[in-house]
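Pasted below: final_3.pdb, PDB, C-alpha atoms and all ligand atoms.
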```pdb
MODEL        1
ATOM      1  CA  MET A   1      -3.861 -10.117  -2.372
ATOM      2  CA  LEU A   2      -2.674  -7.476   0.055
ATOM      3  CA  LYS A   3      -1.810  -7.826   3.693
ATOM      4  CA  ARG A   4      -4.648  -6.663   5.875
ATOM      5  CA  GLY A   5      -3.753  -3.118   6.328
ATOM      6  CA  VAL A   6      -4.337   0.337   7.493
ATOM      7  CA  PHE A   7      -7.825   0.592   6.063
ATOM      8  CA  LYS A   8      -9.148  -2.319   8.065
ATOM      9  CA  THR A   9      -8.227  -0.579  11.292
ATOM     10  CA  LEU A  10      -9.439   2.702   9.914
ATOM     11  CA  PHE A  11     -12.884   1.382   9.119
ATOM     12  CA  GLN A  12     -13.205  -0.011  12.591
ATOM     13  CA  SER A  13     -12.436   3.400  13.957
ATOM     14  CA  VAL A  14     -14.865   5.010  11.467
ATOM     15  CA  ASP A  15     -17.569   2.812  12.931
ATOM     16  CA  ALA A  16     -16.707   3.833  16.446
ATOM     17  CA  LEU A  17     -16.316   7.493  15.563
ATOM     18  CA  VAL A  18     -19.508   7.807  13.570
ATOM     19  CA  THR A  19     -21.496   5.905  16.167
ATOM     20  CA  GLY A  20     -19.970   7.961  18.960
ATOM     21  CA  LYS A  21     -20.469  11.366  17.347
ATOM     22  CA  GLY A  22     -23.384  10.668  15.103
ATOM     23  CA  ARG A  23     -21.739  12.697  12.348
ATOM     24  CA  ILE A  24     -18.753  12.885  10.085
ATOM     25  CA  ASP A  25     -16.497  15.770  10.952
ATOM     26  CA  ASP A  26     -13.067  17.126  10.097
ATOM     27  CA  ASP A  27     -11.343  14.933  12.677
ATOM     28  CA  LEU A  28     -12.598  11.927  10.817
ATOM     29  CA  PHE A  29     -11.278  13.267   7.532
ATOM     30  CA  ASP A  30      -7.922  13.828   9.219
ATOM     31  CA  GLU A  31      -7.873  10.149  10.093
ATOM     32  CA  PHE A  32      -8.677   9.267   6.516
ATOM     33  CA  GLU A  33      -5.833  11.470   5.352
ATOM     34  CA  GLU A  34      -3.390   9.684   7.628
ATOM     35  CA  ALA A  35      -4.565   6.278   6.485
ATOM     36  CA  LEU A  36      -4.338   7.178   2.804
ATOM     37  CA  LEU A  37      -0.814   8.535   3.190
ATOM     38  CA  ALA A  38       0.152   5.472   5.224
ATOM     39  CA  ALA A  39      -1.135   3.318   2.380
ATOM     40  CA  ASP A  40       1.436   4.997   0.104
ATOM     41  CA  LEU A  41      -0.833   7.264  -1.808
ATOM     42  CA  SER A  42       0.988  10.435  -2.742
ATOM     43  CA  PHE A  43      -0.005  13.682  -1.051
ATOM     44  CA  ARG A  44      -1.596  14.966  -4.235
ATOM     45  CA  THR A  45      -3.691  11.838  -4.714
ATOM     46  CA  THR A  46      -4.698  11.795  -1.051
ATOM     47  CA  GLU A  47      -5.986  15.358  -1.276
ATOM     48  CA  GLN A  48      -7.888  14.555  -4.420
ATOM     49  CA  VAL A  49      -9.520  11.472  -2.891
ATOM     50  CA  LEU A  50     -10.457  13.382   0.269
ATOM     51  CA  GLU A  51     -12.015  16.261  -1.655
ATOM     52  CA  ARG A  52     -14.122  13.825  -3.597
ATOM     53  CA  LEU A  53     -15.152  12.013  -0.430
ATOM     54  CA  LYS A  54     -16.036  15.267   1.320
ATOM     55  CA  GLY A  55     -18.198  16.229  -1.655
ATOM     56  CA  MET A  56     -20.017  12.920  -1.503
ATOM     57  CA  VAL A  57     -20.556  13.149   2.250
ATOM     58  CA  ARG A  58     -21.993  16.639   1.787
ATOM     59  CA  ASP A  59     -24.147  15.989  -1.285
ATOM     60  CA  LYS A  60     -25.429  12.595  -0.342
ATOM     61  CA  ARG A  61     -25.710  13.404   3.339
ATOM     62  CA  MET A  62     -23.771  10.296   4.255
ATOM     63  CA  SER A  63     -23.890   9.475   7.897
ATOM     64  CA  THR A  64     -23.039   5.821   8.417
ATOM     65  CA  ALA A  65     -19.638   4.192   8.426
ATOM     66  CA  GLN A  66     -20.757   1.858   5.643
ATOM     67  CA  GLU A  67     -21.777   4.783   3.436
ATOM     68  CA  VAL A  68     -18.428   6.448   3.978
ATOM     69  CA  GLN A  69     -16.609   3.214   3.235
ATOM     70  CA  ASP A  70     -18.545   2.857  -0.030
ATOM     71  CA  GLY A  71     -17.788   6.495  -0.829
ATOM     72  CA  LEU A  72     -14.085   5.942  -0.292
ATOM     73  CA  LYS A  73     -14.199   2.961  -2.610
ATOM     74  CA  ILE A  74     -15.728   5.134  -5.339
ATOM     75  CA  ALA A  75     -13.205   7.932  -4.760
ATOM     76  CA  LEU A  76     -10.252   5.514  -4.929
ATOM     77  CA  THR A  77     -11.539   3.781  -8.032
ATOM     78  CA  GLU A  78     -11.923   7.181  -9.672
ATOM     79  CA  ALA A  79      -8.406   8.178  -8.616
ATOM     80  CA  LEU A  80      -7.116   5.058 -10.281
ATOM     81  CA  GLY A  81      -9.047   6.523 -13.122
ATOM     82  CA  ASP A  82      -8.873   5.167 -16.502
ATOM     83  CA  ALA A  83      -6.445   2.447 -15.490
ATOM     84  CA  GLY A  84      -5.212   2.421 -19.071
ATOM     85  CA  ASP A  85      -4.951  -0.701 -21.130
ATOM     86  CA  THR A  86      -4.195  -3.229 -18.431
ATOM     87  CA  LYS A  87      -4.112  -6.218 -20.799
ATOM     88  CA  LEU A  88      -0.806  -7.512 -22.116
ATOM     89  CA  LYS A  89      -0.605  -7.072 -25.882
ATOM     90  CA  VAL A  90      -0.557 -10.140 -28.062
ATOM     91  CA  ALA A  91       0.870 -10.030 -31.605
ATOM     92  CA  GLU A  92      -1.571 -10.604 -34.442
ATOM     93  CA  SER A  93       0.809 -12.959 -36.137
ATOM     94  CA  GLY A  94       4.110 -14.588 -35.272
ATOM     95  CA  PRO A  95       5.556 -14.813 -31.802
ATOM     96  CA  THR A  96       4.738 -12.117 -29.245
ATOM     97  CA  LEU A  97       7.780 -10.620 -27.511
ATOM     98  CA  TYR A  98       7.999  -8.941 -24.117
ATOM     99  CA  LEU A  99      11.088  -7.293 -22.650
ATOM    100  CA  MET A 100      11.409  -7.023 -18.883
ATOM    101  CA  VAL A 101      13.432  -4.163 -17.410
ATOM    102  CA  GLY A 102      14.027  -3.115 -13.811
ATOM    103  CA  VAL A 103      16.799  -2.859 -11.242
ATOM    104  CA  ASN A 104      18.203  -5.979  -9.610
ATOM    105  CA  GLY A 105      16.245  -7.472  -6.778
ATOM    106  CA  VAL A 106      12.835  -6.042  -7.620
ATOM    107  CA  GLY A 107      11.510  -9.379  -8.884
ATOM    108  CA  LYS A 108      12.273  -9.232 -12.601
ATOM    109  CA  THR A 109      13.344 -12.830 -13.136
ATOM    110  CA  THR A 110      10.662 -14.249 -10.851
ATOM    111  CA  SER A 111       7.994 -12.237 -12.635
ATOM    112  CA  LEU A 112       9.218 -13.451 -16.024
ATOM    113  CA  GLY A 113       9.173 -17.021 -14.710
ATOM    114  CA  LYS A 114       5.625 -16.612 -13.484
ATOM    115  CA  LEU A 115       4.551 -15.085 -16.797
ATOM    116  CA  ALA A 116       6.130 -18.044 -18.588
ATOM    117  CA  TYR A 117       4.376 -20.503 -16.287
ATOM    118  CA  ARG A 118       1.023 -18.818 -16.759
ATOM    119  CA  ALA A 119       1.314 -18.704 -20.558
ATOM    120  CA  SER A 120       2.626 -22.234 -20.841
ATOM    121  CA  LYS A 121       0.709 -24.177 -18.210
ATOM    122  CA  LYS A 122      -2.538 -22.206 -18.094
ATOM    123  CA  GLU A 123      -2.903 -20.961 -21.647
ATOM    124  CA  GLY A 124      -1.150 -23.788 -23.457
ATOM    125  CA  LYS A 125       1.308 -21.480 -25.211
ATOM    126  CA  LYS A 126       4.746 -22.425 -26.383
ATOM    127  CA  VAL A 127       7.132 -20.143 -24.513
ATOM    128  CA  ILE A 128      10.780 -19.188 -24.918
ATOM    129  CA  LEU A 129      12.687 -17.508 -22.101
ATOM    130  CA  ALA A 130      15.678 -15.470 -23.263
ATOM    131  CA  ALA A 131      18.465 -14.773 -20.765
ATOM    132  CA  GLY A 132      19.282 -11.235 -21.867
ATOM    133  CA  ASP A 133      20.952 -10.415 -18.543
ATOM    134  CA  THR A 134      24.337 -11.641 -19.658
ATOM    135  CA  PHE A 135      26.236  -9.815 -16.905
ATOM    136  CA  ARG A 136      25.297 -12.205 -14.146
ATOM    137  CA  ALA A 137      25.601 -15.933 -14.774
ATOM    138  CA  ALA A 138      23.310 -16.440 -11.788
ATOM    139  CA  ALA A 139      20.516 -14.618 -13.611
ATOM    140  CA  ALA A 140      20.560 -17.140 -16.463
ATOM    141  CA  GLU A 141      20.728 -20.029 -13.971
ATOM    142  CA  GLN A 142      17.690 -18.670 -12.156
ATOM    143  CA  LEU A 143      15.826 -18.221 -15.424
ATOM    144  CA  GLY A 144      16.754 -21.802 -16.334
ATOM    145  CA  ILE A 145      15.031 -23.091 -13.205
ATOM    146  CA  TRP A 146      11.910 -21.169 -14.154
ATOM    147  CA  ALA A 147      12.084 -22.455 -17.721
ATOM    148  CA  GLU A 148      12.054 -26.005 -16.405
ATOM    149  CA  ARG A 149       9.192 -25.283 -14.030
ATOM    150  CA  ALA A 150       7.154 -23.651 -16.784
ATOM    151  CA  GLY A 151       7.995 -26.174 -19.474
ATOM    152  CA  ALA A 152       9.554 -23.387 -21.513
ATOM    153  CA  GLU A 153      12.732 -23.362 -23.556
ATOM    154  CA  LEU A 154      15.709 -21.326 -22.328
ATOM    155  CA  ILE A 155      17.900 -19.445 -24.764
ATOM    156  CA  ARG A 156      21.183 -18.219 -23.343
ATOM    157  CA  GLN A 157      24.714 -17.427 -24.397
ATOM    158  CA  LYS A 158      28.022 -17.104 -22.617
ATOM    159  CA  GLU A 159      28.515 -14.570 -19.850
ATOM    160  CA  ASN A 160      28.995 -11.024 -21.161
ATOM    161  CA  ALA A 161      27.580 -11.911 -24.563
ATOM    162  CA  ASP A 162      25.658  -9.204 -26.388
ATOM    163  CA  PRO A 163      22.051  -9.250 -25.093
ATOM    164  CA  ALA A 164      20.823  -8.354 -28.584
ATOM    165  CA  ALA A 165      22.452 -11.545 -29.886
ATOM    166  CA  VAL A 166      20.505 -13.556 -27.310
ATOM    167  CA  VAL A 167      17.282 -11.913 -28.474
ATOM    168  CA  HIS A 168      18.235 -12.681 -32.070
ATOM    169  CA  ASP A 169      18.739 -16.365 -31.202
ATOM    170  CA  ALA A 170      15.470 -16.437 -29.282
ATOM    171  CA  ILE A 171      13.480 -15.029 -32.199
ATOM    172  CA  ILE A 172      15.042 -17.457 -34.657
ATOM    173  CA  ALA A 173      14.340 -20.360 -32.264
ATOM    174  CA  ALA A 174      10.759 -19.166 -31.776
ATOM    175  CA  LYS A 175      10.166 -18.966 -35.516
ATOM    176  CA  THR A 176      11.712 -22.376 -36.129
ATOM    177  CA  ARG A 177       9.711 -24.072 -33.399
ATOM    178  CA  GLY A 178       6.486 -22.118 -33.851
ATOM    179  CA  ALA A 179       6.630 -20.603 -30.347
ATOM    180  CA  ASP A 180       3.910 -18.169 -29.281
ATOM    181  CA  LEU A 181       5.712 -16.060 -26.713
ATOM    182  CA  ILE A 182       9.276 -14.837 -26.158
ATOM    183  CA  LEU A 183      10.054 -13.414 -22.736
ATOM    184  CA  VAL A 184      13.326 -11.508 -22.518
ATOM    185  CA  ASP A 185      15.167 -10.798 -19.290
ATOM    186  CA  THR A 186      17.527  -7.803 -19.371
ATOM    187  CA  ALA A 187      20.289  -6.584 -17.106
ATOM    188  CA  GLY A 188      18.290  -3.377 -16.889
ATOM    189  CA  ARG A 189      21.113  -1.431 -15.309
ATOM    190  CA  LEU A 190      20.183   2.168 -14.816
ATOM    191  CA  HIS A 191      23.358   3.591 -13.345
ATOM    192  CA  THR A 192      24.342   4.135 -16.887
ATOM    193  CA  LYS A 193      21.149   5.349 -18.460
ATOM    194  CA  LEU A 194      22.789   5.743 -21.845
ATOM    195  CA  ASN A 195      23.994   2.153 -21.829
ATOM    196  CA  LEU A 196      20.559   0.877 -21.009
ATOM    197  CA  MET A 197      18.979   3.005 -23.712
ATOM    198  CA  GLU A 198      21.559   1.831 -26.212
ATOM    199  CA  GLU A 199      21.126  -1.813 -25.189
ATOM    200  CA  LEU A 200      17.365  -1.627 -25.536
ATOM    201  CA  ARG A 201      17.595   0.275 -28.798
ATOM    202  CA  LYS A 202      19.789  -2.466 -30.181
ATOM    203  CA  ILE A 203      17.329  -5.118 -29.020
ATOM    204  CA  GLY A 204      14.579  -3.030 -30.616
ATOM    205  CA  ARG A 205      16.447  -3.025 -33.928
ATOM    206  CA  ILE A 206      16.814  -6.822 -33.820
ATOM    207  CA  CYS A 207      13.078  -7.136 -33.180
ATOM    208  CA  GLU A 208      12.269  -4.847 -36.095
ATOM    209  CA  LYS A 209      14.567  -6.808 -38.358
ATOM    210  CA  GLU A 210      13.533 -10.307 -37.329
ATOM    211  CA  LEU A 211       9.916  -9.780 -36.261
ATOM    212  CA  GLY A 212       9.037  -6.739 -38.343
ATOM    213  CA  ARG A 213       8.017  -4.683 -35.294
ATOM    214  CA  LYS A 214       9.111  -3.380 -31.916
ATOM    215  CA  PRO A 215       8.765  -5.531 -28.763
ATOM    216  CA  ASP A 216       5.050  -5.946 -28.039
ATOM    217  CA  GLU A 217       5.578  -4.855 -24.442
ATOM    218  CA  VAL A 218       8.435  -3.254 -22.515
ATOM    219  CA  LEU A 219       7.509  -4.160 -18.959
ATOM    220  CA  LEU A 220       9.013  -2.422 -15.970
ATOM    221  CA  ALA A 221       9.259  -4.581 -12.851
ATOM    222  CA  LEU A 222       8.848  -2.661  -9.600
ATOM    223  CA  ASP A 223       8.911  -3.786  -5.981
ATOM    224  CA  ALA A 224       5.692  -2.756  -4.216
ATOM    225  CA  THR A 225       7.381  -2.939  -0.808
ATOM    226  CA  THR A 226       9.658  -0.013  -1.665
ATOM    227  CA  GLY A 227       6.602   2.225  -1.566
ATOM    228  CA  GLN A 228       7.046   5.800  -2.701
ATOM    229  CA  ASN A 229      10.716   5.097  -3.489
ATOM    230  CA  ALA A 230       9.509   3.170  -6.513
ATOM    231  CA  VAL A 231       8.250   6.379  -8.106
ATOM    232  CA  PRO A 232      11.526   8.195  -8.944
ATOM    233  CA  GLN A 233      13.051   4.877 -10.035
ATOM    234  CA  ALA A 234      10.104   4.235 -12.320
ATOM    235  CA  LYS A 235      10.328   7.774 -13.698
ATOM    236  CA  GLN A 236      13.964   7.253 -14.662
ATOM    237  CA  PHE A 237      13.043   4.124 -16.577
ATOM    238  CA  THR A 238      10.007   5.582 -18.305
ATOM    239  CA  GLU A 239      12.106   8.561 -19.380
ATOM    240  CA  ALA A 240      14.936   6.354 -20.663
ATOM    241  CA  VAL A 241      12.926   3.719 -22.517
ATOM    242  CA  GLY A 242       9.382   3.437 -23.803
ATOM    243  CA  VAL A 243       7.856   1.441 -20.953
ATOM    244  CA  THR A 244       4.417   0.122 -21.948
ATOM    245  CA  GLY A 245       3.363  -1.511 -18.708
ATOM    246  CA  ILE A 246       4.287  -2.132 -15.094
ATOM    247  CA  VAL A 247       4.630  -5.472 -13.368
ATOM    248  CA  LEU A 248       4.293  -4.743  -9.684
ATOM    249  CA  ALA A 249       5.987  -7.521  -7.727
ATOM    250  CA  LYS A 250       5.698  -8.323  -4.014
ATOM    251  CA  LEU A 251       2.275  -6.770  -3.550
ATOM    252  CA  ASP A 252       1.688  -9.545  -1.001
ATOM    253  CA  GLY A 253       4.466  -8.088   1.109
ATOM    254  CA  THR A 254       2.821  -4.756   1.762
ATOM    255  CA  ALA A 255      -0.357  -3.350   3.205
ATOM    256  CA  ARG A 256       0.414  -0.134   1.394
ATOM    257  CA  GLY A 257      -0.892  -0.975  -2.038
ATOM    258  CA  GLY A 258      -1.865   2.643  -2.650
ATOM    259  CA  ILE A 259       1.400   2.802  -4.571
ATOM    260  CA  VAL A 260      -0.552   1.394  -7.546
ATOM    261  CA  ILE A 261      -2.722   4.512  -7.654
ATOM    262  CA  THR A 262       0.290   6.777  -7.199
ATOM    263  CA  LEU A 263       2.199   5.063 -10.023
ATOM    264  CA  ARG A 264      -0.772   5.369 -12.322
ATOM    265  CA  GLN A 265      -1.130   9.064 -11.560
ATOM    266  CA  GLU A 266       2.552   9.958 -11.630
ATOM    267  CA  LEU A 267       3.672   7.912 -14.639
ATOM    268  CA  GLY A 268       0.596   7.432 -16.771
ATOM    269  CA  VAL A 269       1.778   3.876 -17.505
ATOM    270  CA  PRO A 270      -0.740   1.111 -16.734
ATOM    271  CA  VAL A 271      -0.037  -1.543 -14.142
ATOM    272  CA  LYS A 272      -0.621  -4.770 -16.075
ATOM    273  CA  MET A 273       0.307  -7.601 -13.740
ATOM    274  CA  VAL A 274       0.807  -7.918 -10.005
ATOM    275  CA  GLY A 275       3.022 -10.399  -8.170
ATOM    276  CA  VAL A 276       1.486 -11.779  -5.000
ATOM    277  CA  GLY A 277       3.999 -14.397  -3.869
ATOM    278  CA  GLU A 278       7.040 -16.418  -4.848
ATOM    279  CA  GLY A 279       5.230 -19.394  -6.349
ATOM    280  CA  PRO A 280       4.630 -19.981 -10.073
ATOM    281  CA  GLU A 281       0.940 -19.144  -9.835
ATOM    282  CA  ASP A 282       1.405 -15.984  -7.800
ATOM    283  CA  MET A 283       0.958 -13.530 -10.649
ATOM    284  CA  LEU A 284      -2.383 -11.931 -11.451
ATOM    285  CA  PRO A 285      -3.605  -9.640 -14.191
ATOM    286  CA  PHE A 286      -4.266  -6.250 -12.655
ATOM    287  CA  ASN A 287      -7.934  -5.527 -12.114
ATOM    288  CA  PRO A 288      -8.767  -2.040 -10.730
ATOM    289  CA  GLU A 289     -12.034  -3.021  -8.993
ATOM    290  CA  VAL A 290     -10.592  -6.122  -7.360
ATOM    291  CA  PHE A 291      -7.579  -4.087  -6.323
ATOM    292  CA  VAL A 292      -9.577  -1.341  -4.596
ATOM    293  CA  GLU A 293     -11.637  -4.010  -2.781
ATOM    294  CA  ALA A 294      -8.425  -5.648  -1.570
ATOM    295  CA  LEU A 295      -6.923  -2.326  -0.552
ATOM    296  CA  LEU A 296      -9.896  -1.541   1.647
ATOM    297  CA  GLY A 297     -10.624  -5.104   2.753
TER     298      GLY A 297
HETATM  299  P1  LIG B   1      15.531  -9.672  -9.969
HETATM  300  O1  LIG B   1      16.914  -9.465  -9.441
HETATM  301  O2  LIG B   1      14.846  -8.371 -10.259
HETATM  302  O3  LIG B   1      15.469 -10.610 -11.115
HETATM  303  O4  LIG B   1      14.691 -10.266  -8.738
HETATM  304  P2  LIG B   1      14.273 -11.765  -8.431
HETATM  305  O5  LIG B   1      13.273 -12.224  -9.415
HETATM  306  O6  LIG B   1      15.501 -12.576  -8.240
HETATM  307  O7  LIG B   1      13.503 -11.570  -7.035
HETATM  308  C1  LIG B   1      14.129 -11.127  -5.858
HETATM  309  C2  LIG B   1      13.446 -11.793  -4.662
HETATM  310  O8  LIG B   1      12.086 -11.367  -4.554
HETATM  311  C3  LIG B   1      13.405 -13.317  -4.749
HETATM  312  O9  LIG B   1      13.648 -13.842  -3.476
HETATM  313  C4  LIG B   1      11.969 -13.606  -5.184
HETATM  314  O10 LIG B   1      11.510 -14.870  -4.761
HETATM  315  C5  LIG B   1      11.215 -12.485  -4.492
HETATM  316  N1  LIG B   1       9.950 -12.150  -5.179
HETATM  317  C6  LIG B   1       9.769 -11.829  -6.483
HETATM  318  N2  LIG B   1       8.467 -11.545  -6.745
HETATM  319  C7  LIG B   1       7.805 -11.701  -5.570
HETATM  320  C8  LIG B   1       6.412 -11.536  -5.174
HETATM  321  O11 LIG B   1       5.513 -11.189  -5.948
HETATM  322  N3  LIG B   1       6.126 -11.779  -3.862
HETATM  323  C9  LIG B   1       7.098 -12.151  -2.957
HETATM  324  N4  LIG B   1       6.705 -12.353  -1.698
HETATM  325  N5  LIG B   1       8.394 -12.298  -3.291
HETATM  326  C10 LIG B   1       8.740 -12.086  -4.581
ENDMDL
END
```
What do you get writing this file as structure tokens?
Ligand code: GDP
Amino acid sequence: MLKRGVFKTLFQSVDALVTGKGRIDDDLFDEFEEALLAADLSFRTTEQVLERLKGMVRDKRMSTAQEVQDGLKIALTEALGDAGDTKLKVAESGPTLYLMVGVNGVGKTTSLGKLAYRASKKEGKKVILAAGDTFRAAAAEQLGIWAERAGAELIRQKENADPAAVVHDAIIAAKTRGADLILVDTAGRLHTKLNLMEELRKIGRICEKELGRKPDEVLLALDATTGQNAVPQAKQFTEAVGVTGIVLAKLDGTARGGIVITLRQELGVPVKMVGVGEGPEDMLPFNPEVFVEALLG
């Protein structure tokens, strides 16, 4: 899932250090601190993980590299904490609708395409992709390619059309054809926070009117390779709109997956899916245990 990273090297040096000194001392914890920060954990989280690890080393009298490695795994899993509800919500009746927001280039359209592929090809669902980013014709074109790949239907309108109108069309089409899932791309521009809020509010109203409820998920796409920079960006979005889950794209492009733990701690929004490549099958549901294993692996 992740590139082999800092922890791999770290554990090799833990082995050498513990064997050489026969004990775990402050120098070793300093090395852990460096590795955790290098893996994109925030300072606060790093301190918390180290305190926990120190406690374990003391209480359990850990002395081998393997014991410390296991301890770190426990401390990281705890830091990820209650990972929240990592499962994507599915409507009890009628089509389920997800909105995808996020700045350009983070992997929004690709992630939507992969979600469509997964639902359609793996779960046998009937999927509609709605091109709600009406500012860029290229965005709809790109979504169209994914629709074809996934065997999903594409709903789009002319350039600069009202995104809410596209969502309206998509819901009507889904009802008519008995579709299970509507995936909506948005322009997601944040330079005008008010515009984005207004756009999403309008889409929300259409959903309430036509589906009888709000979107089932408002997913924020983030680029894992931007590391800590993703945090303020994510905060802006979560403050502007009710984000219900994070889709973390490009996790394959970084060895610094600690950003997942930082996001969880700083935003309180669960990571629900992770993107691990550009192909249609490169999207996985987020699993905390598997993730910590991969982070340390
Ligand atoms: P958007 O502007 O947010 O819709 O971003 P795109 O979906 O167009 O993605 C931008 C670039 O990132 C494209 O080249 C994608 O192929 C690439 N990309 C998206 N998700 C992933 C991922 O999980 N892993 C990798 N390696 N590349 C990705």
Starting from the displayed file, determine the output of the PyMOL selection byres (((not hetatm)) within 8 of (chain B and resi 1)) and express the residue list as a list of chain:residue names.
->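 When the PyMOL selection byres (((not hetatm)) within 8 of (chain B and resi 1)) is applied, the selected residues are A:Gly102, A:Val103, A:Asn104, A:Gly105, A:Val106, A:Gly107, A:Lys108, A:Thr109, A:Thr110, A:Ser111, A:Leu112, A:Ala139, A:Gln142, A:Ala221, A:Asp223, A:Leu248, A:Ala249, A:Lys250, A:Leu251, A:Asp252, A:Gly253, A:Val274, A:Gly275, A:Val276, A:Gly277, A:Glu278, A:Gly279, A:Asp282, A:Met283.
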List the neighbours of Glu289 of chain A out to 10 Å using all atoms listed in the file; skip same-chain residues closer than 6 positions along the sequence, and give me the result as a JSON list (two decimals) with C-alpha atoms, in the frame of the given file.
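Result file is out00.json:
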```json
[["chain", "number", "residue", "atom", "x", "y", "z"],
["A", 73, "LYS", "CA", -14.20, 2.96, -2.61],
["A", 74, "ILE", "CA", -15.73, 5.13, -5.34],
["A", 76, "LEU", "CA", -10.25, 5.51, -4.93],
["A", 77, "THR", "CA", -11.54, 3.78, -8.03],
["A", 80, "LEU", "CA", -7.12, 5.06, -10.28],
["A", 295, "LEU", "CA", -6.92, -2.33, -0.55]]
```
Show me, as AutoDock Vina command-line options, the centre and edge lengths in Å to one decimal of the axis-aligned box that covers every listed atom of segment 261-274 of chain A with 8 Å on each side.
```
--center_x 0.5 --center_y 1.0 --center_z -12.4 --size_x 22.4 --size_y 33.9 --size_z 26.3
```
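Put simply, atom CA of His168 of chain A is 25.0 Å away from atom CA of Glu123 of chain A.
Coordinates place atom CA of Leu196 of chain A at a distance of 15.0 Å from atom CA of Ala161 of chain A.
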Can you translate the PyMOL selection byres (((chain A and resi 234) around 9) and not hetatm) into the concrete residues it hits in this file, as a PyMOL selection string?
chain A and resi 102+220-222+229-233+235-239+263+267
Best match for closeness to Glu148 of chain A among A:Met100, A:Val68, A:Ile259, A:Ala116, counting only C-alpha atoms:
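Ranked by minimum distance to Glu148 of chain A, first place goes to A:Ala116.
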Using only C-alpha atoms, list the residues that have an atom at most 12 Å from (12.7, -22.6, -18.4), coordinates as in the file, as an MDAnalysis selection string. chainID A and resid 109:110 112:117 120 126:131 140:156 182:184 280
Please indicate the distance in Å from atom CA of Leu211 of chain A to atom CA of Ala165 of chain A, rounded to one decimal place.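 Going from atom CA of Leu211 of chain A over to atom CA of Ala165 of chain A covers 14.2 Å.
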* To do: For Ala174 of chain A, please output as a count of residues only all residues within 7 Å (counting all atoms listed in the file; exclusion window: fewer than 4 positions along the same chain).
  => 5
Could you give me segment 173-177 of chain A completed to all heavy atoms, formatted as a short mmCIF file (atom, residue, chain, number, x, y, z; two decimals), in the frame of the given file?
```
data_model
loop_
_atom_site.label_atom_id
_atom_site.label_comp_id
_atom_site.auth_asym_id
_atom_site.auth_seq_id
_atom_site.Cartn_x
_atom_site.Cartn_y
_atom_site.Cartn_z
N ALA A 173 14.82 -19.10 -32.86
CA ALA A 173 14.34 -20.36 -32.26
C ALA A 173 12.82 -20.38 -32.22
O ALA A 173 12.18 -21.40 -32.53
CB ALA A 173 14.90 -20.51 -30.84
N ALA A 174 12.22 -19.23 -31.87
CA ALA A 174 10.76 -19.17 -31.78
C ALA A 174 10.12 -19.40 -33.14
O ALA A 174 9.12 -20.11 -33.26
CB ALA A 174 10.34 -17.80 -31.22
N LYS A 175 10.73 -18.80 -34.17
CA LYS A 175 10.17 -18.97 -35.52
C LYS A 175 10.29 -20.42 -35.96
O LYS A 175 9.36 -21.00 -36.51
CB LYS A 175 10.91 -18.06 -36.50
CG LYS A 175 10.49 -16.60 -36.44
CD LYS A 175 11.21 -15.90 -37.55
CE LYS A 175 10.95 -14.43 -37.61
NZ LYS A 175 11.93 -13.77 -38.49
N THR A 176 11.47 -20.99 -35.70
CA THR A 176 11.71 -22.38 -36.13
C THR A 176 10.74 -23.33 -35.44
O THR A 176 10.23 -24.25 -36.06
CB THR A 176 13.16 -22.79 -35.76
OG1 THR A 176 14.02 -21.74 -36.16
CG2 THR A 176 13.57 -24.07 -36.44
N ARG A 177 10.52 -23.11 -34.15
CA ARG A 177 9.71 -24.07 -33.40
C ARG A 177 8.25 -23.66 -33.27
O ARG A 177 7.49 -24.29 -32.58
CB ARG A 177 10.30 -24.24 -32.00
CG ARG A 177 11.80 -24.39 -32.01
CD ARG A 177 12.31 -25.32 -30.98
NE ARG A 177 13.50 -24.83 -30.30
CZ ARG A 177 14.65 -24.51 -30.88
NH1 ARG A 177 14.76 -24.57 -32.21
NH2 ARG A 177 15.69 -24.12 -30.18
#
```
